[in-house]
Amino acid sequence: MDQILLQILNGLDKGSAYALIALGLTLIFGTLGVVNFAHGALFMIGAFCAVTLQKILSWSTITIDPTKTDFLGNPAKIKTPYVEAWFGPEMGAAIIDWSVPLAILFSIPIMILIGFIMERGLIKHFYNRPHADQILVTFGLAIVLQEIIKQYFGANPIPTPAPDVFRGSFDFGMLLGFDPNAIIYPYWRIIYFVFSLGVIGAVFAFLRFTTFGMVVRAGMADRETVGLLGINIDKRFTIMFGIAAAVAGVAGVMYAPINSPNYHMGMDFLVLSFVVVVVGGMGSLPGAVLAGFLLGILESFASMNEIKQFLPGIDQIIIYLTAIVILLVRPRGLMGKRGVMEE
Amino acid sequence: MSNSKLTRRGLLKTGAVAGAGLAMPTLFTGNVWAGSHGGYTNAPSNGKVILGFNVPQSGPYADEGADELRAYELAVEHLNGGGDGGMMNTFSSKALDGTGILGNKVEFVTGDTQTKSDAARASAKSMIEKDGAVMITGGSSSGVAIAVQGLCQEAGVIFMAGLTHSNDTTGKDKKANGFRHFFNGYMSAAALAPVLGKMYGTDRKAYHLTADYTWGWTQQASIAAATEAMGWETVNNVLTPLATTDFSSYVAPVLNSGADVLVLNHYGGNMVNSLTAAVQFGLRAKEVNGKNFEIVVPLYSRLMAKGAGENVKGIFGSTNWHWSLQDEGSKAFVKSFGTKYGFPPSQAAHTVYCQTLLYADACQRAGTHNPCGVAEALEGFDFDGLGNGPTHYRADDHQCFKDVLVVKGKENPENEFDLLEIVEVTPREQVEYAPDHPMFAGGELGKCNPGA
């Protein structure tokens with residue numbers, strides 16, 4: 001029983017990342033009708049925003065200390081971060097420690113800007129092209145972005161730890177009356193799950209309770225009529241692209257302490273996120289979120305040793321198998337709307 | 001009357017010309033060919049000898065590959081007489097004199113293995129067939145090394161393996177044209193197990209997470225056998241796909257399994273992620289069976305330690321070499337590499353530098369680049385001064401036998417390179433094994449293949 005609960009927790013946390021990326025994908029698809037294969041790259045860039053901020057905060061002055069030597073026997077260079085020099089050692093160290101949460105603020109404008117440039121610079125020209133062209137172009141863009149990151153940051157994962165106060169894990173099991181150490185879960189992963197719920201809630205609230213959101217929803221339902229009513233839907237949709245990019249970026253920032261960012265993480269998440277979108281139903285926001293969490297939990301269960309003993313390798317293919325079954329039984333996806341991608 | 005132009009005189013003239021034409025090559029072959037075509041693939045000509053450096057320039061081991069390439073370029077510079085000579089000055093064999101190999105200037109071509117076997121084979125094939133490489137070297141994955149070793153055996157060139165740790169490379173997949181300087185899983189286990197027994201006791205239960213490919217299997221089998229011989233119990237061994245990035249579902253069940261040691265048979269990005277997950281789940285802070293929970297990483301690399309950051313503190317493992325060694329060879333290499341590139345070399349850089357020097361030296365001593373001559377010069381070769389103490393290149397399996405380092409993640413690193421400290425230099429005798437040891441059995445060395 002405790003194993004099952006543990007894997008559910010694990011799945012919720014994985015599912016959060018899928019849900020956030022799938023949400024952005026569906027937003028872009030629902031508003032602009034573009035299949036954006038560069039979305040995983042946006043997730044990766046968000047994670048690297050956290051890495052960059054950590055690097056910037058660690059910029060140091062170098063003083064030569066003649067009493068110590070480096071590996072070649074030359075006098076050692078001691079690095080003191082500028083923030084420590086300006087704010088004092090404790091405050092400076094605290095700032096560097098909290099670089100990941102600070103990176104959320106740092107990344108939002110950057111991601112909106114990047115989303116804006118992507119949309120205006122490249123994707124705008126492909127609105128009326130077939131989906132295959134859109135996929136090729138955005139996939140190509142994803143590869144270019146990936147290689148740029150690899151060129152600049154190297155191929156190895158770069159550790160980006162969470163603030164010290166969130167290190168360590170929480171003994172859920174004790175809370176529920178199990179033995180100690182039966183169900184333990186890292187604090188930061190729990191925070192990630194709660195954070196993702198918050199972001200998803202904020203996006204839904206934005207769409208539901210603001211005028212801007214209302215116009216966007218109307219545009220998703222019937223773009224032509226909204227245009228005929230004299231509303232500039234293009235500008236609003238471009239802003240939605242920026243918001244979707246920011247959602248993916250922020251998801252990436254908070255994910256950095258969970259799995260050290262590396263240049264390949266975008267691709268790793270992208271394929272599964274597309275499966276999530278298709279399973280949830282193209283164009284359905286609640287569907288994307290629901291499918292994200294469901295598939296995350298499924299993948300987690302499939303990695304359990306007990307299951308792998310019967311069906312080795314099942315964890316690699318469970319998501320795709322589920323997608324096949326759901327699409328055969330219900331081609332529109334779990335919550336897909338009639339008429340979407342059915343022409 | 002016939003219209004044929006064939007006359008007896010014409011026939012004699014034609015026959016004489018044809019005969020001279022057929023004989024012509026033999027007038028020239030004598031001297032021109034003997035030096036440059038001794039009956040083997042890609043014999044050096046025009047005063048140049050071309051070496052092929054096949055390293056991962058993309059993929060999960062790209063950083064190790066980049067370090068290997070730096071070391072190769074340094075070796076070529078030293079062989080051609082440039083730089084400060086590096087380990088050529090401390091090498092026990094003095095056959096090399098900085099004029100290249102056998103008077104030929106050393107040049108090189110590079111290829112990208114992408115850490116994939118088929119890409120590696122294609123790249124090696126291209127270097128042999130198009131660029132004329134007479135020796136192929138490099139690699140950071142055992143799957144790749146074994147694949148390229150097989151290709152080189154077929155093509156008739158020497159393969160000097162780079163970073164490959166699986167027992168199979170000089171075990172069941174050994175080839176007569178292939179040579180390995182780097183240590184293997186059996187040696188790691190033989191060196192590490194006694195230290196683990198001393199530090200953690202002999203009454204431990206180990207849970208293994210293992211990369212699901214040749215290296216992971218042989219590494220796990222070696223460390224499990226060595227620790228079980230000491231009294232440990234292997235509670236479970238879970239295979240993890242090589243492409244895994246999120247190990248949380250594999251790490252989560254460990255604490256509840258009754259194990260008090262987690263052995264991570266992972267390398268590269270796998271090791272960084274699995275170690276991070278294990279630390280995140282608080283395994284190191286826990287107590288199980290009345291003892292502190294411990295984590296062991298049998299194969300360490302400084303570049304991976306950098307990726308894992310603080311998580312490596314206090315964790316034991318083994319390496320082939322470390323820059324902090326104080327023997328003359330290591331110091332010379334660190335100085336040479338460090339001065340040129342600004343940071344100390346990794347064990348990957350060290351092993352490939354040694355392999356290049358060993359190859360060049362073998363050619364010089366054999367007086368030829370012919371793979372069979374080189375193989376004969378390397379088999380049974382004893383040398384020193386290359387950073388690992390007295391080393392023996394065994395003839396039965398083309399594996400180097402030398403001291404092995406047991407290392408530990410440093411608690412208080414003094415700088416960004418100072419991540420590992422050497423706990424013990426395990427003497428060579430402790431890690432030796434018979435050529436027909438069960439973990440290495442199942443393959444034949446075969447005969448050397450000189451190619452064309």
# chains A, B, ... in the order shown; residues from 1 in each chain; ligands from 1

call {"tool": "interface_residues", "arguments": {"of": "chain B", "to": "chain A", "cutoff": "7 Å", "atoms": "only C-alpha atoms", "output": "list in words"}}
result
Pro60, Ala62, Asp63, Asp246, Ser249, Leu255, Asn256, Gly269, Asn273, Gln280, Phe281, Gly282, Gly307, Ala308, Gly309, Lys335 and Gly338 of chain B

call {"tool": "write_last_selection", "arguments": {"atoms": "C-alpha atoms", "output": "compact mmCIF listing (two decimals), in the first residue's frame"}}
result
# COMPACT_ATOMS: atom_id res chain seq x y z
CA PRO B 60 25.91 12.30 -23.00
CA ALA B 62 30.59 14.88 -25.02
CA ASP B 63 32.52 16.59 -22.23
CA ASP B 246 14.48 10.83 -13.82
CA SER B 249 10.79 5.93 -9.31
CA LEU B 255 14.64 2.74 1.70
CA ASN B 256 11.82 0.32 2.25
CA GLY B 269 24.61 11.70 -16.96
CA ASN B 273 20.89 12.14 -12.03
CA GLN B 280 17.07 14.39 -2.70
CA PHE B 281 15.14 11.49 -1.23
CA GLY B 282 17.25 11.92 1.86
CA GLY B 307 28.01 17.58 -12.48
CA ALA B 308 26.80 16.05 -9.24
CA GLY B 309 28.12 18.96 -7.20
CA LYS B 335 51.83 20.54 -15.87
CA GLY B 338 47.28 22.42 -17.29

call {"tool": "residues_around", "arguments": {"residues": "segment 104-108 of chain A", "least_positions_apart": "6", "cutoff": "6 Å", "atoms": "only C-alpha atoms", "output": "JSON, numbers by chain"}}
result
{"A": [49, 246, 250]}

call {"tool": "closest_residue", "arguments": {"among": "A:Phe87, A:Phe206, A:Phe195, A:Phe241", "to": "Met118 of chain A", "atoms": "only C-alpha atoms"}}
result
A:Phe241

call {"tool": "residues_around", "arguments": {"residues": "Ala17 of chain A", "least_positions_apart": "5", "cutoff": "8 Å", "atoms": "only C-alpha atoms", "output": "list in words"}}
result
Ser196, Ala251, Tyr255 and Gly292 of chain A

call {"tool": "write_last_selection", "arguments": {"atoms": "C-alpha atoms", "output": "PDB file, in the first residue's frame"}}
result
ATOM      1  CA  SER A 196       2.258  23.720 -10.880  1.00  0.00           C
ATOM      2  CA  ALA A 251       7.977  25.061 -15.297  1.00  0.00           C
ATOM      3  CA  TYR A 255      12.269  21.736 -12.403  1.00  0.00           C
ATOM      4  CA  GLY A 292      -0.707  15.036 -17.922  1.00  0.00           C
TER       5      GLY A 292
END

call {"tool": "residues_around", "arguments": {"residues": "segment 275-284 of chain A", "least_positions_apart": "3", "cutoff": "8 Å", "atoms": "only C-alpha atoms", "output": "ChimeraX atom specification"}}
result
/A:18-19,22-23,25-27,29-30,271-272,287-292,295,319-320,323,326-327,332-337,340-341

call {"tool": "residues_around", "arguments": {"residues": "segment 211-226 of chain A", "least_positions_apart": "3", "cutoff": "8 Å", "atoms": "only C-alpha atoms", "output": "CSV table (one decimal) with N, CA and C atoms, in the first residue's frame"}}
result
chain,number,residue,atom,x,y,z
A,30,GLY,N,-4.6,25.8,-29.6
A,30,GLY,CA,-6.0,26.3,-29.6
A,30,GLY,C,-6.2,27.7,-30.1
A,31,THR,N,-5.2,28.5,-29.8
A,31,THR,CA,-5.3,29.9,-30.3
A,31,THR,C,-4.8,30.1,-31.7
A,206,PHE,N,-7.2,33.3,-15.4
A,206,PHE,CA,-7.0,34.4,-16.3
A,206,PHE,C,-7.9,34.3,-17.5
A,207,LEU,N,-8.1,33.0,-18.0
A,207,LEU,CA,-8.9,32.9,-19.2
A,207,LEU,C,-10.4,33.0,-18.8
A,208,ARG,N,-10.7,32.7,-17.6
A,208,ARG,CA,-12.1,32.6,-17.2
A,208,ARG,C,-12.6,34.0,-16.7
A,229,LEU,N,-16.1,41.1,-35.5
A,229,LEU,CA,-16.6,42.0,-34.5
A,229,LEU,C,-15.7,43.2,-34.3
A,230,GLY,N,-14.6,43.2,-35.0
A,230,GLY,CA,-13.7,44.4,-34.9
A,230,GLY,C,-12.6,44.2,-33.8
A,231,ILE,N,-12.4,43.0,-33.3
A,231,ILE,CA,-11.4,42.9,-32.3
A,231,ILE,C,-10.1,42.4,-32.9
A,233,ILE,N,-7.7,40.1,-32.9
A,233,ILE,CA,-7.4,38.9,-32.2
A,233,ILE,C,-6.0,38.5,-32.4
A,236,ARG,N,-3.8,39.6,-29.5
A,236,ARG,CA,-4.1,38.9,-28.3
A,236,ARG,C,-3.5,37.5,-28.4
A,237,PHE,N,-3.5,36.9,-29.6
A,237,PHE,CA,-3.0,35.5,-29.7
A,237,PHE,C,-1.5,35.6,-29.5

call {"tool": "select_by_dssp", "arguments": {"residues": "segment 369-417 of chain B", "states": "strand (DSSP E)", "output": "ChimeraX atom specification"}}
result
/B:381-383,391-393,400-401,404-409

call {"tool": "write_last_selection", "arguments": {"atoms": "N, CA and C atoms", "output": "compact mmCIF listing (two decimals), in the first residue's frame"}}
result
# COMPACT_ATOMS: atom_id res chain seq x y z
N PHE B 381 54.58 -6.09 -22.82
CA PHE B 381 55.44 -4.92 -22.60
C PHE B 381 55.33 -4.43 -21.16
N ASP B 382 56.45 -4.21 -20.51
CA ASP B 382 56.45 -3.65 -19.16
C ASP B 382 56.98 -2.22 -19.24
N PHE B 383 56.27 -1.29 -18.62
CA PHE B 383 56.74 0.09 -18.69
C PHE B 383 56.37 0.83 -17.41
N THR B 391 53.65 -0.88 -15.05
CA THR B 391 52.46 -1.39 -15.76
C THR B 391 52.86 -2.49 -16.72
N HIS B 392 51.98 -3.47 -16.87
CA HIS B 392 52.26 -4.60 -17.75
C HIS B 392 51.12 -4.73 -18.76
N TYR B 393 51.46 -4.78 -20.06
CA TYR B 393 50.46 -4.99 -21.10
C TYR B 393 50.40 -6.49 -21.36
N CYS B 400 46.01 -3.73 -19.84
CA CYS B 400 47.08 -3.20 -18.97
C CYS B 400 46.76 -3.53 -17.52
N PHE B 401 47.79 -3.93 -16.79
CA PHE B 401 47.63 -4.19 -15.36
C PHE B 401 48.48 -3.20 -14.59
N VAL B 404 45.34 0.69 -9.00
CA VAL B 404 44.01 1.28 -9.16
C VAL B 404 43.79 2.26 -8.00
N LEU B 405 43.10 3.37 -8.27
CA LEU B 405 42.88 4.35 -7.21
C LEU B 405 41.48 4.20 -6.62
N VAL B 406 41.42 4.13 -5.28
CA VAL B 406 40.13 4.22 -4.60
C VAL B 406 39.99 5.67 -4.13
N VAL B 407 38.90 6.32 -4.51
CA VAL B 407 38.75 7.75 -4.21
C VAL B 407 37.46 7.98 -3.45
N LYS B 408 37.38 9.19 -2.89
CA LYS B 408 36.20 9.56 -2.12
C LYS B 408 35.89 11.01 -2.44
N GLY B 409 34.61 11.35 -2.48
CA GLY B 409 34.23 12.75 -2.69
C GLY B 409 34.72 13.58 -1.51

call {"tool": "atom_distance", "arguments": {"atom1": "atom CA of Ala395 of chain B", "atom2": "atom CA of Glu444 of chain B"}}
result
12.5 Å

call {"tool": "residues_around", "arguments": {"residues": "Ala124 of chain B", "least_positions_apart": "2", "cutoff": "12 Å", "atoms": "only C-alpha atoms", "output": "PyMOL selection string"}}
result
chain B and resi 51-56+109-113+117-122+126-139+144-145+147-155+157-159

call {"tool": "residues_around", "arguments": {"residues": "Leu386 of chain B", "least_positions_apart": "4", "cutoff": "8 Å", "atoms": "only C-alpha atoms", "output": "PDB file with C-alpha atoms, in the first residue's frame"}}
result
ATOM      1  CA  MET B  87      55.239  12.236 -20.254  1.00  0.00           C
ATOM      2  CA  THR B  90      59.264  10.375 -17.812  1.00  0.00           C
ATOM      3  CA  PHE B  91      58.323   7.325 -19.932  1.00  0.00           C
ATOM      4  CA  GLY B 329      54.796  11.083 -14.832  1.00  0.00           C
ATOM      5  CA  SER B 330      51.535  12.436 -13.418  1.00  0.00           C
ATOM      6  CA  CYS B 354      49.069   7.147 -22.645  1.00  0.00           C
TER       7      CYS B 354
END

call {"tool": "atom_distance", "arguments": {"atom1": "atom CA of Asp133 of chain A", "atom2": "atom CA of Val203 of chain A"}}
result
28.8 Å

call {"tool": "atom_distance", "arguments": {"atom1": "atom CA of Thr238 of chain A", "atom2": "atom CA of Arg120 of chain A"}}
result
7.8 Å
